[in-house]
$ cat my_file-v1.csv   # CSV, C-alpha atoms
chain,number,residue,atom,x,y,z
A,581,MET,CA,13.3,65.4,-23.0
A,582,ALA,CA,16.0,67.1,-20.9
A,583,ARG,CA,19.5,67.0,-22.3
A,584,ASN,CA,23.0,68.3,-21.3
A,585,LEU,CA,23.8,70.8,-24.0
A,586,ASN,CA,27.3,71.7,-22.7
A,587,ALA,CA,30.1,71.3,-25.2
A,588,LYS,CA,31.5,67.8,-24.8
A,589,CYS,CA,35.1,68.7,-25.2
A,590,ARG,CA,34.8,71.3,-22.5
A,591,GLN,CA,33.3,68.7,-20.2
A,592,CYS,CA,36.4,66.5,-20.7
A,593,ARG,CA,38.7,69.5,-20.1
A,594,ARG,CA,36.9,70.4,-16.9
A,595,GLU,CA,37.5,66.9,-15.5
A,596,GLY,CA,41.1,66.9,-16.7
A,597,GLU,CA,40.9,63.6,-18.7
A,598,LYS,CA,39.3,62.0,-21.7
A,599,LEU,CA,35.8,60.9,-21.1
A,600,PHE,CA,35.4,59.7,-24.7
A,601,LEU,CA,32.3,61.7,-25.4
A,602,LYS,CA,33.0,62.6,-29.1
A,603,GLY,CA,33.7,59.2,-30.7
A,604,ASP,CA,36.6,59.2,-33.2
A,605,LYS,CA,37.7,62.7,-32.3
A,606,CYS,CA,38.8,61.4,-28.9
A,607,PHE,CA,41.4,59.2,-30.6
A,608,SER,CA,42.8,61.8,-32.9
A,609,ASP,CA,45.3,64.6,-32.4
A,610,LYS,CA,42.4,67.1,-32.6
A,611,CYS,CA,41.3,66.1,-29.0
A,612,PRO,CA,41.3,69.3,-27.0
A,613,VAL,CA,42.4,67.4,-23.9
A,614,GLU,CA,45.7,66.6,-25.7
A,615,ARG,CA,46.2,70.2,-26.8
A,616,ARG,CA,44.9,72.1,-23.7
A,617,ASN,CA,45.0,69.9,-20.7
A,618,TYR,CA,43.5,72.4,-18.2
A,619,PRO,CA,40.0,73.4,-17.3
A,620,PRO,CA,38.2,75.8,-19.7
A,621,GLY,CA,37.6,79.4,-18.8
A,622,GLN,CA,39.5,82.5,-17.8
A,623,HIS,CA,41.0,80.9,-14.6
A,624,GLY,CA,41.4,77.4,-16.0
A,625,GLN,CA,45.2,77.4,-15.8
A,626,LYS,CA,45.3,78.4,-12.1
A,627,LYS,CA,45.9,75.5,-9.9
A,628,ALA,CA,43.8,75.5,-6.7
A,629,ARG,CA,43.8,73.0,-3.9
A,630,LEU,CA,40.4,71.2,-3.7
A,631,SER,CA,38.5,70.5,-0.5
A,632,ASP,CA,37.2,67.0,0.2
A,633,TYR,CA,33.8,68.1,-0.8
A,634,ALA,CA,35.1,69.5,-4.1
A,635,LEU,CA,36.9,66.3,-4.9
A,636,GLN,CA,33.7,64.3,-4.2
A,637,LEU,CA,31.6,66.7,-6.3
A,638,ARG,CA,34.1,66.5,-9.2
A,639,GLU,CA,34.0,62.7,-9.1
A,640,LYS,CA,30.3,62.7,-9.2
A,641,GLN,CA,30.2,65.1,-12.2
A,642,LYS,CA,32.8,63.0,-14.0
A,643,ILE,CA,30.8,59.8,-13.7
A,644,LYS,CA,27.6,61.6,-14.7
A,645,ARG,CA,29.3,62.9,-17.8
A,646,ILE,CA,30.9,59.6,-18.8
A,647,TYR,CA,27.6,57.9,-18.8
A,648,GLY,CA,25.6,60.9,-20.0
A,649,LEU,CA,23.2,61.2,-17.1
A,650,LEU,CA,21.5,64.3,-15.7
A,651,GLU,CA,21.4,64.9,-11.9
A,652,GLY,CA,18.0,63.4,-11.2
A,653,GLN,CA,18.8,60.3,-13.3
A,654,PHE,CA,22.1,59.8,-11.5
A,655,ARG,CA,20.5,60.2,-8.1
A,656,ASN,CA,17.9,57.6,-9.0
A,657,VAL,CA,20.6,55.2,-10.0
A,658,TYR,CA,22.4,55.8,-6.8
A,659,LYS,CA,19.3,55.1,-4.7
A,660,ARG,CA,18.8,51.9,-6.6
A,661,SER,CA,22.4,50.8,-5.9
A,662,GLU,CA,21.9,51.5,-2.2
A,663,LYS,CA,19.0,49.1,-2.0
A,664,GLN,CA,20.9,46.3,-3.6
A,665,LYS,CA,23.0,43.8,-1.7
A,666,GLY,CA,26.7,44.3,-1.8
A,667,ILE,CA,28.9,47.4,-2.0
A,668,THR,CA,27.0,50.5,-3.0
A,669,GLY,CA,29.8,51.9,-5.2
A,670,ASP,CA,30.2,48.6,-7.1
A,671,ASN,CA,26.5,48.3,-7.5
A,672,LEU,CA,26.4,51.9,-8.9
A,673,LEU,CA,28.9,51.2,-11.6
A,674,LYS,CA,27.3,47.8,-12.5
A,675,ILE,CA,23.9,49.5,-13.1
A,676,LEU,CA,25.5,52.2,-15.2
A,677,GLU,CA,27.4,49.6,-17.3
A,678,SER,CA,24.2,47.6,-17.7
A,679,ARG,CA,22.2,50.4,-19.3
A,680,LEU,CA,21.2,49.6,-22.9
A,681,ASP,CA,22.9,52.8,-24.2
A,682,ASN,CA,26.2,51.8,-22.6
A,683,VAL,CA,25.9,48.2,-23.7
A,684,ALA,CA,25.2,49.3,-27.3
A,685,TYR,CA,28.2,51.6,-27.2
A,686,SER,CA,30.5,49.0,-25.7
A,687,MET,CA,29.5,46.5,-28.4
A,688,GLY,CA,30.4,49.1,-31.1
A,689,PHE,CA,27.0,49.9,-32.4
A,690,GLY,CA,27.6,53.6,-31.5
A,691,SER,CA,30.8,55.6,-31.6
A,692,SER,CA,29.9,57.3,-28.4
A,693,ARG,CA,27.3,56.8,-25.7
A,694,SER,CA,25.3,59.8,-26.9
A,695,GLU,CA,25.2,58.3,-30.4
A,696,ALA,CA,24.2,55.0,-29.0
A,697,ARG,CA,21.3,56.7,-27.2
A,698,GLN,CA,20.2,58.3,-30.5
A,699,ILE,CA,20.1,55.1,-32.5
A,700,ILE,CA,18.2,53.4,-29.6
A,701,ARG,CA,15.6,56.2,-29.7
A,702,HIS,CA,15.3,55.8,-33.5
A,703,ASN,CA,14.4,52.1,-33.0
A,704,CYS,CA,17.6,50.7,-34.4
A,705,ILE,CA,18.4,48.3,-31.6
A,706,LEU,CA,16.7,45.0,-30.7
A,707,LEU,CA,16.9,43.5,-27.2
A,708,ASN,CA,16.3,39.7,-27.3
A,709,GLY,CA,14.7,40.2,-30.7
A,710,LYS,CA,12.3,42.9,-29.6
A,711,ARG,CA,12.5,46.6,-30.3
A,712,VAL,CA,13.5,48.7,-27.3
A,713,ASN,CA,13.8,52.4,-27.6
A,714,ILE,CA,14.6,53.3,-23.9
A,715,PRO,CA,18.3,54.0,-23.4
A,716,SER,CA,18.1,53.5,-19.7
A,717,HIS,CA,16.7,50.0,-20.0
A,718,ILE,CA,18.8,47.6,-17.9
A,719,VAL,CA,20.3,44.7,-19.8
A,720,GLU,CA,20.5,41.4,-17.9
A,721,PRO,CA,23.1,38.7,-18.2
A,722,GLY,CA,22.2,36.4,-21.1
A,723,ASP,CA,20.4,39.1,-23.0
A,724,THR,CA,21.2,39.6,-26.7
A,725,VAL,CA,21.6,43.1,-28.3
A,726,GLU,CA,21.6,43.6,-32.0
A,727,VAL,CA,21.2,46.2,-34.7
A,728,ALA,CA,17.7,46.0,-36.4
A,729,GLU,CA,17.8,44.8,-40.0
A,730,HIS,CA,16.7,48.1,-41.5
A,731,ALA,CA,19.5,49.9,-39.7
A,732,LYS,CA,22.5,47.7,-40.6
A,733,ASN,CA,23.4,49.8,-43.6
A,734,TYR,CA,23.3,53.1,-41.8
A,735,ILE,CA,26.5,55.0,-42.4
A,736,ARG,CA,26.9,56.0,-38.7
A,737,ILE,CA,26.6,52.4,-37.6
A,738,LYS,CA,29.1,51.2,-40.2
A,739,SER,CA,31.5,53.9,-39.1
A,740,SER,CA,31.0,52.9,-35.4
A,741,ILE,CA,31.9,49.4,-36.2
A,742,GLU,CA,35.2,50.7,-37.7
A,743,SER,CA,35.8,52.8,-34.6
A,744,ILE,CA,35.4,49.8,-32.2
A,745,LYS,CA,38.7,48.5,-33.6
A,746,ARG,CA,40.4,51.4,-31.8
A,747,ARG,CA,39.0,50.3,-28.4
A,748,ASN,CA,38.5,46.8,-27.0
A,749,ILE,CA,35.2,45.1,-26.6
A,750,PRO,CA,34.7,44.3,-22.9
A,751,THR,CA,35.4,40.7,-21.9
A,752,TRP,CA,31.9,40.3,-20.4
A,753,MET,CA,30.4,40.7,-23.8
A,754,ASP,CA,30.5,38.5,-27.0
A,755,VAL,CA,30.0,40.4,-30.2
A,756,ASP,CA,29.8,39.3,-33.8
A,757,LEU,CA,30.6,42.4,-35.8
A,758,ASP,CA,29.6,40.7,-39.1
A,759,SER,CA,26.0,40.1,-38.0
A,760,LEU,CA,26.0,43.2,-35.7
A,761,LYS,CA,24.8,41.1,-32.7
A,762,GLY,CA,26.2,40.7,-29.3
A,763,SER,CA,25.5,38.9,-26.0
A,764,TYR,CA,25.8,40.4,-22.5
A,765,LYS,CA,27.4,37.4,-20.8
A,766,ASN,CA,27.6,38.7,-17.2
A,767,LYS,CA,27.9,41.9,-15.1
A,768,PRO,CA,31.4,43.2,-14.9
A,769,ASP,CA,33.5,42.9,-11.8
A,770,ARG,CA,34.9,46.1,-10.3
A,771,SER,CA,38.4,45.1,-11.4
A,772,ASP,CA,37.2,45.0,-15.0
A,773,LEU,CA,36.1,48.7,-15.0
A,774,SER,CA,38.1,51.9,-15.2
A,775,SER,CA,40.7,52.5,-12.5
A,776,THR,CA,40.3,56.3,-13.0
A,777,ILE,CA,36.9,56.3,-11.4
A,778,ASN,CA,36.7,56.5,-7.7
A,779,GLU,CA,33.1,55.7,-6.9
A,780,SER,CA,33.8,55.7,-3.1
A,781,LEU,CA,33.9,59.5,-3.3
A,782,VAL,CA,30.4,59.6,-4.7
A,783,VAL,CA,29.2,57.3,-1.9
A,784,GLU,CA,30.8,59.7,0.6
A,785,LEU,CA,29.1,62.7,-1.0
A,786,TYR,CA,25.6,61.2,-0.9
A,787,SER,CA,26.1,59.8,2.6
A,788,LYS,CA,26.4,63.2,4.2

$ encode --input "my_file-v1.csv" --output "structure tokens"
Amino acid sequence: MARNLNAKCRQCRREGEKLFLKGDKCFSDKCPVERRNYPPGQHGQKKARLSDYALQLREKQKIKRIYGLLEGQFRNVYKRSEKQKGITGDNLLKILESRLDNVAYSMGFGSSRSEARQIIRHNCILLNGKRVNIPSHIVEPGDTVEVAEHAKNYIRIKSSIESIKRRNIPTWMDVDLDSLKGSYKNKPDRSDLSSTINESLVVELYSK
């Protein structure tokens, strides 16, 4: 299985903001973005004016890194969002937010999206009471997501539940942290999602 093996903190520094790829470290004073808020590399501190294409490319890379997708995966999601009714950019973000790995992360069952993917691959997550080990599986409104009984005492899951207290559970989800079970109530509106993402730049990039 292909993976992005680039150092996560370097990815955040390259995009110039926290992408929350390292769980608890992102909330501590050890976060490299706080200490060295410039791109990595020899010329990282040199400021250059970006072209329109460069801005579009950087936005695409940022969204890919936030949700942990490779280029082919991201392009497939974009094609799917194009075919749906509505605004392509909004559809893109809603699909990304509905992925099982993102839902498990947002509910607090993983301290990062990459950790959520790992616990899904290890059969630790149930969707509507059934084991699903595909991180890209799309969760539909009304679905329930929970930690499997055999995994409820795993140290990493317990620590993830503690870390969810540092970030808010999205309003479109109901989560019972005692039973480690949550409900995906509805798909989020664009106004509910991050204002630092400019999905229209991605649409412009792929529309060329």

$ residues_around --input "my_file-v1.csv" --residues "A:Ile741" --least-positions-apart "5" --cutoff "9 Å" --atoms "only C-alpha atoms" --output "list in words"
Met687, Gly688, Phe689, Gly690, Ser691, Arg736, Leu757 and Leu760 of chain A

$ residues_around --input "my_file-v1.csv" --residues "A:Leu672" --least-positions-apart "3" --cutoff "9 Å" --atoms "all atoms listed in the file" --output "list in words"
Val657, Tyr658, Lys659, Arg660, Ser661, Glu662, Ile667, Thr668, Gly669, Ile675, Leu676, Glu677 and Glu779 of chain A

$ residues_around --input "my_file-v1.csv" --residues "stretch 772-778 of chain A" --least-positions-apart "2" --cutoff "9 Å" --atoms "all atoms listed in the file" --output "PyMOL selection string"
chain A and resi 639+642-643+669+673+750-752+768-770+780-782

$ residues_near_point --input "my_file-v1.csv" --point "(31.8, 50.1, -36.7)" --cutoff "12 Å" --atoms "all atoms listed in the file" --output "ChimeraX atom specification"
/A:603-604,684-692,696,727,732-747,749,755-760

$ closest_residue --input "my_file-v1.csv" --among "A:Ser771, A:Thr724, A:Gln636, A:Asn713" --to "A:Arg701" --atoms "only C-alpha atoms"
A:Asn713

$ closest_residue --input "my_file-v1.csv" --among "A:Asp754, A:Asp723, A:Glu729, A:Glu651" --to "A:Asn703" --atoms "all atoms listed in the file"
A:Glu729

$ closest_residue --input "my_file-v1.csv" --among "A:His702, A:Ser763, A:Ser678, A:Glu695" --to "A:His717" --atoms "all atoms listed in the file"
A:Ser678

$ atom_distance --input "my_file-v1.csv" --atom1 "atom CA of A:Pro721" --atom2 "atom CA of A:Cys704"
20.9 Å

$ atom_distance --input "my_file-v1.csv" --atom1 "atom CA of A:Gly648" --atom2 "atom CA of A:Leu707"
20.7 Å

$ atom_distance --input "my_file-v1.csv" --atom1 "atom CA of A:Lys665" --atom2 "atom CA of A:Lys644"
22.5 Å

$ closest_residue --input "my_file-v1.csv" --among "A:Leu650, A:Val683, A:Leu637, A:Ile699" --to "A:Val725" --atoms "only C-alpha atoms"
A:Val683

$ closest_residue --input "my_file-v1.csv" --among "A:Lys765, A:Gln641, A:Ile718, A:Ser694" --to "A:Phe654" --atoms "all atoms listed in the file"
A:Gln641

$ closest_residue --input "my_file-v1.csv" --among "A:Leu635, A:Ala731, A:Val783, A:Ile700" --to "A:Asn682" --atoms "all atoms listed in the file"
A:Ile700
